[in-house]
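*Asks:* Quick one: the structure is below, and I'll ask about it shortly.
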Amino acid sequence: MTMKRFRKTIVTLIAILCLAGGWQIIAVLTDRPEFIPSIPQLVRTLLELSATEKFYQSIGMTTFRGIIGMVLSTSLAIGAASLFVRFRLLYELSAPALTLMRSVPVISFILLALIFLNPESIPLLIAFLTMFPLLTENLTKGLYSLCPESLILARQFRLKRINTLSQIIYPQLKPFLYSGLASAAGFGWRAIIMGEALSQCASGIGSDMKLAQSFIDVPALMVWTFIAILISFLFDKGIRLLSHVKPGIYFPRTEKAPVFPPLPSLHLHDISYRYGISHFSYDFRKGFIYGVNGPSGQGKTTLLRLIGGVLRPIQGNIVPLPNWGIATIFQEAELLPELNVQENVTLPLSSFYSKAYAQRIAQRYLCDVEMENLSDKLPEELSYGQRQRVAIARALAYPSPLLLMDEPFKGLDNELKVRIIERIRKQQAAREQIIIFTSHDTEELKRLADKEIELKLSEV
């Protein structure tokens with residue numbers, strides 16, 4: 001436990017003791033134990049209640065309703081949010097209903113439900129009506145805020161769906177998901193107990209609170225209130241602990257050799273796009289490295305995105321049109337912030353190889369970019385040039401017949417750049433890849449490119 005957390009715990013305990021002491025002083029001064037019971041009296045009542053089987057039945061039933069309500073609301077909220085992101089009109093049509101669900105007082109839901117429903121089903125329904133709109137709106141905002149480049153990364157490297165969800169989508173949704181869960185649990189827990197009290201369920205904390213109120217049993221009522229607060233606190237702590245769980249990368253148990261089609265050539269015929277590229281044709285052949293040069297804004301990045309299938313041309317065609325994994329270095333490193341250096345390199349390899357084998361490959365290519373001693377560092381701990389080198393290692397490790405690099409050597413000093421270029425050329429000669437890269441640097445083009453393509457104004 002860190003000193004900060006220890007200090008916070010001590011302060012919390014002192015605050016609780018102060019509250020208990022203040023209550024005890026008031027109980028002694030008023031001397032009305034039937035209305036303001038003392039701390040010892042409350043403890044005796046708690047012990048008496050805890051000696052009965054019904055005490056645990058009530059706690060178990062209310063907790064069960066809370067968990068089921070949370071799971072049901074979260075599951076349906078994920079489905080609804082996914083539909084809303086895909087169909088914007090559906091979200092706009094549903095927004096008033098979600099706002100209405102959040103605005104209607106809980107007591108109104110309960111009173112209406114009492115007219116039409118079985119009392120035992122009311123607390124669970126109230127939990128859902130309270131939690132669902134909060135979670136849906138939070139998750140919808142989270143899905144709308146997903147970084148497009150990270151999704152492109154998943155597509156280019158053909159990540160397995162489970163890894164796309166756990167390593168790319170889930171980390172970005174976490175703040176929205178858990179803030180929604182915390183709010184939903186706070187409102188939903190109170191709503192469940194209120195529903196139990198008013199519907200007078202057979203068992204539940206709310207039912208026992210109502211029973212204690214009917215018999216003016218203040219000590220029992222306060223004990224049940226304390227139990228409700230305690231369980232709510234534990235729910236909140238559980239959600240916080242869950243938010244710190246980091247899902248691991250899924251790897252197959254055995255290696256699966258990647259199946260990429262032979263790529264003797266890649267032909268672009270009369271390609272045009274809305275901006276940057278117009279009537280561009282070229283034949284890229286296996287075993288050659290092509291350097292694309294041209295002023296900023298002339299379509300170099302657009303050309304790579306068209307070749308990689310990220311963009312679709314409005315005219316012309318690409319033969320064959322890539323629909324398999326493509327090793328890609330983006331203009332920015334696009335490292336996943338919650339993964340360390342080695343995990344960022346092994347993630348694309350998880351589609352083919354076991355964990356141990358993928359780690360060996362990752363370490364080999366981290367050595368090629370001279371980052372092997374920083375494999376356990378997070379991206380935020382690296383400089384710009386170091387992050388770029390990790391991105392280079394990730395692309396070189398990926399076993400694709402096509403490698404696209406968008407200004408890959410930004411942030412690298414000249415001597416290191418020369419060494420990495422030589423290693424890229426050596427790998428390319430062994431694999432006979434088609435490599436297409438963009439650069440403004442004439443020295444980079446001279447050292448790495450077998451053929452240079454200059455995008456001119458007439459081509460864009």
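Residues in the structure tokens are named by chain (A, B, ... in the order shown) and by number from 1 within that chain; ligands are numbered from 1 in the order shown.
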Write out as a PyMOL selection string the residues lying within 8 Å of Val292 of chain A, counting only C-alpha atoms and excluding same-chain residues fewer than 6 positions away.
*Replies:* chain A and resi 300+436-439+452-455
*Asks:* Write out the residues from the selection above, keeping N, CA and C atoms, as a PDB file, in the first residue's frame.
*Replies:*
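See out-v5.pdb below for the written result:
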ATOM      1  N   LYS A 300       0.708  11.533 -51.141  1.00  0.00           N
ATOM      2  CA  LYS A 300       1.538  10.367 -50.805  1.00  0.00           C
ATOM      3  C   LYS A 300       0.821   9.444 -49.807  1.00  0.00           C
ATOM      4  N   ILE A 436       6.615  -0.264 -50.281  1.00  0.00           N
ATOM      5  CA  ILE A 436       6.304   1.071 -50.806  1.00  0.00           C
ATOM      6  C   ILE A 436       6.384   2.024 -49.633  1.00  0.00           C
ATOM      7  N   PHE A 437       7.229   3.042 -49.746  1.00  0.00           N
ATOM      8  CA  PHE A 437       7.349   4.002 -48.658  1.00  0.00           C
ATOM      9  C   PHE A 437       7.332   5.431 -49.198  1.00  0.00           C
ATOM     10  N   THR A 438       6.973   6.355 -48.354  1.00  0.00           N
ATOM     11  CA  THR A 438       6.972   7.773 -48.711  1.00  0.00           C
ATOM     12  C   THR A 438       8.062   8.481 -47.930  1.00  0.00           C
ATOM     13  N   SER A 439       8.610   9.536 -48.531  1.00  0.00           N
ATOM     14  CA  SER A 439       9.651  10.297 -47.849  1.00  0.00           C
ATOM     15  C   SER A 439       9.877  11.627 -48.566  1.00  0.00           C
ATOM     16  N   GLU A 452      12.126   5.128 -57.686  1.00  0.00           N
ATOM     17  CA  GLU A 452      11.528   6.314 -57.069  1.00  0.00           C
ATOM     18  C   GLU A 452      10.344   6.790 -57.904  1.00  0.00           C
ATOM     19  N   ILE A 453       9.257   7.098 -57.239  1.00  0.00           N
ATOM     20  CA  ILE A 453       8.046   7.596 -57.901  1.00  0.00           C
ATOM     21  C   ILE A 453       7.817   9.013 -57.392  1.00  0.00           C
ATOM     22  N   GLU A 454       7.774   9.962 -58.284  1.00  0.00           N
ATOM     23  CA  GLU A 454       7.534  11.333 -57.885  1.00  0.00           C
ATOM     24  C   GLU A 454       6.105  11.725 -58.261  1.00  0.00           C
ATOM     25  N   LEU A 455       5.320  12.058 -57.268  1.00  0.00           N
ATOM     26  CA  LEU A 455       3.953  12.498 -57.526  1.00  0.00           C
ATOM     27  C   LEU A 455       3.992  13.956 -57.969  1.00  0.00           C
TER      28      LEU A 455
END
*Asks:* Please run DSSP on the backbone and report, as a list of chain:residue names, all residues within segment 153-352 of chain A that come out as strand (DSSP E).
*Replies:* A:Ser265, A:Leu266, A:His267, A:Leu268, A:His269, A:Asp270, A:Ile271, A:Ser272, A:Phe280, A:Ser281, A:Tyr282, A:Asp283, A:Phe284, A:Arg285, A:Ile289, A:Tyr290, A:Gly291, A:Val292, A:Asn293, A:Gln315, A:Gly316, A:Asn317, A:Ile318, A:Val319, A:Ala327, A:Thr328, A:Ile329
*Asks:* Could you save those same residues with C-alpha atoms as a CSV table (one decimal), in the first residue's frame?
*Replies:*
chain,number,residue,atom,x,y,z
A,265,SER,CA,2.8,-7.7,-58.7
A,266,LEU,CA,0.4,-5.0,-57.7
A,267,HIS,CA,-1.1,-3.0,-60.5
A,268,LEU,CA,-2.8,0.4,-60.1
A,269,HIS,CA,-4.8,1.4,-63.1
A,270,ASP,CA,-6.1,5.0,-63.6
A,271,ILE,CA,-6.7,5.5,-59.8
A,272,SER,CA,-8.4,8.6,-58.7
A,280,PHE,CA,-2.6,7.4,-61.3
A,281,SER,CA,-1.3,4.2,-62.8
A,282,TYR,CA,1.7,2.1,-61.8
A,283,ASP,CA,2.9,-1.5,-61.7
A,284,PHE,CA,4.6,-2.5,-58.4
A,285,ARG,CA,6.6,-5.8,-58.7
A,289,ILE,CA,11.4,-1.2,-52.9
A,290,TYR,CA,9.5,1.8,-54.2
A,291,GLY,CA,10.1,5.3,-52.7
A,292,VAL,CA,7.2,7.8,-53.3
A,293,ASN,CA,8.3,11.4,-53.3
A,315,GLN,CA,-12.2,5.6,-60.2
A,316,GLY,CA,-9.9,2.9,-61.5
A,317,ASN,CA,-8.9,-0.4,-59.9
A,318,ILE,CA,-6.2,-2.1,-58.0
A,319,VAL,CA,-5.2,-5.7,-59.0
A,327,ALA,CA,2.4,-4.7,-42.7
A,328,THR,CA,2.0,-0.9,-42.2
A,329,ILE,CA,3.9,1.9,-40.6
*Asks:* Tell me, counting only C-alpha atoms, for each residue of segment 393-435 of chain A within 9 Å of segment 360-364 of chain A, which pair of atoms is nearest and how far apart they are in Å to one decimal, in rows ordered by chain and increasing number, as CSV.
*Replies:*
residue,atom,partner,partner_atom,distance
A:Ala393,CA,A:Ala362,CA,7.5
A:Arg394,CA,A:Ala362,CA,7.5
A:Ala397,CA,A:Ala362,CA,6.5
*Asks:* I'd like the contact shell of Pro258 of chain A - 12 Å cut-off, only C-alpha atoms, skipping same-chain residues fewer than 5 positions apart - returned as a tab-separated table (two decimals) with C-alpha atoms, in the first residue's frame.
*Replies:*
chain	number	residue	atom	x	y	z
A	157	PHE	CA	-2.88	-6.18	-39.34
A	158	ARG	CA	-6.03	-8.33	-39.44
A	324	TRP	CA	-5.38	-9.64	-46.41
A	325	GLY	CA	-3.12	-8.41	-43.64
A	326	ILE	CA	-0.72	-5.66	-44.68
A	348	PRO	CA	-0.33	-8.45	-34.73
A	349	LEU	CA	1.53	-11.77	-34.49
A	350	SER	CA	-1.15	-13.14	-32.14
A	351	SER	CA	-3.25	-14.05	-35.16
A	352	PHE	CA	-0.73	-16.71	-36.16
A	353	TYR	CA	1.69	-17.71	-33.43
A	398	TYR	CA	4.47	-9.01	-39.53
A	399	PRO	CA	4.75	-11.70	-42.26
A	400	SER	CA	2.99	-9.96	-45.14
A	401	PRO	CA	4.13	-9.87	-48.79
*Asks:* For a test of reading the model, state the distance in Å between atom CA of Arg161 of chain A and atom CA of Phe132 of chain A, rounded to one decimal.
*Replies:*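 Taking atom CA of Arg161 of chain A as the start and atom CA of Phe132 of chain A as the end point, the length is 25.8 Å.
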*Asks:* Check the smallest atom-to-atom distance from each of A:Ile59, A:Leu89, A:Leu143, A:Leu234 to Ser207 of chain A using only C-alpha atoms, then report the winner.
*Replies:*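 Checking each of A:Ile59, A:Leu89, A:Leu143, A:Leu234 against Ser207 of chain A, counting only C-alpha atoms, the winner is A:Ile59.
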*Asks:* Show which residues sit within 9 Å of Ile420 of chain A, as a list in words. Count only C-alpha atoms, and ignore same-chain residues fewer than 6 positions away.
*Replies:* Asp368, Val369 and Glu370 of chain A
*Asks:* Save the residues we just selected, C-alpha atoms, as a short mmCIF file (atom, residue, chain, number, x, y, z; two decimals), in the first residue's frame?
*Replies:*
data_model
loop_
_atom_site.label_atom_id
_atom_site.label_comp_id
_atom_site.auth_asym_id
_atom_site.auth_seq_id
_atom_site.Cartn_x
_atom_site.Cartn_y
_atom_site.Cartn_z
CA ASP A 368 16.92 -4.75 -35.42
CA VAL A 369 15.67 -1.30 -34.40
CA GLU A 370 17.87 -1.29 -31.26
#
*Asks:* Given the choices A:Pro322, A:Gly287, A:Gly195, A:Pro313, which gets closest to Pro261 of chain A if the distance is worked out from only C-alpha atoms?
*Replies:*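 Among A:Pro322, A:Gly287, A:Gly195, A:Pro313, it is A:Pro322 that comes nearest to Pro261 of chain A.
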*Asks:* Skipping near chain neighbours, those fewer than 4 positions away, what residues fall within 9 Å of Ser145 of chain A using only C-alpha atoms, listed as a PyMOL selection string?
*Replies:* chain A and resi 140-141+172-173
*Asks:* Residues near Glu137 of chain A, anyone? I mean within 9 Å using only C-alpha atoms, not counting same-chain ones fewer than 5 positions away, as an MDAnalysis selection string.
*Replies:* chainID A and resid 77 81 95 98 132 142 180
*Asks:* A:Leu139, A:Ile239, A:Ile25, A:Ile36: which is nearest Gly79 of chain A, counting only C-alpha atoms?
*Replies:*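 Going through A:Leu139, A:Ile239, A:Ile25, A:Ile36 one by one, the smallest distance to Gly79 of chain A is for A:Leu139.
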*Asks:* Residues within 12 Å of Glu338 of chain A, please, as a list in words. Count only C-alpha atoms; anything in the same chain fewer than 4 positions from it doesn't count.
*Replies:*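 Result of the neighbour search: Ser166, Gln167, Ile168, Ile169, Tyr170, Pro171, Gln172, Lys174, His244, Val245, Lys246, Pro247, Gly248, Ile249, Glu334, Gln342, Glu343, Asn344, Asp376, Lys377, Leu378, Pro379, Glu380 and Glu381 of chain A.
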*Asks:* Which one of A:Gln213, A:Leu159, A:Ser199, A:Ile307 sits closest to Tyr250 of chain A if you count only C-alpha atoms?
*Replies:*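 Of A:Gln213, A:Leu159, A:Ser199, A:Ile307, the one nearest Tyr250 of chain A, counting only C-alpha atoms, is A:Leu159.
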*Asks:* How would you write, as number ranges by chain, the set of residues in segment 219-429 of chain A that DSSP gives as alpha helix (DSSP H)?
*Replies:* A: 219-243, 300-307, 341-349, 355-368, 384-397, 414-429
*Asks:* Quote the spacing between atom CA of Ala220 of chain A and atom CA of Thr62 of chain A in Å to one decimal place.
*Replies:*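 Answer for the atom CA of Ala220 of chain A to atom CA of Thr62 of chain A separation: 17.0 Å.
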*Asks:* Counting only C-alpha atoms, which of A:Gly186, A:Asn414, A:Glu422, A:Val218 gets nearest to Pro37 of chain A?
*Replies:* A:Val218
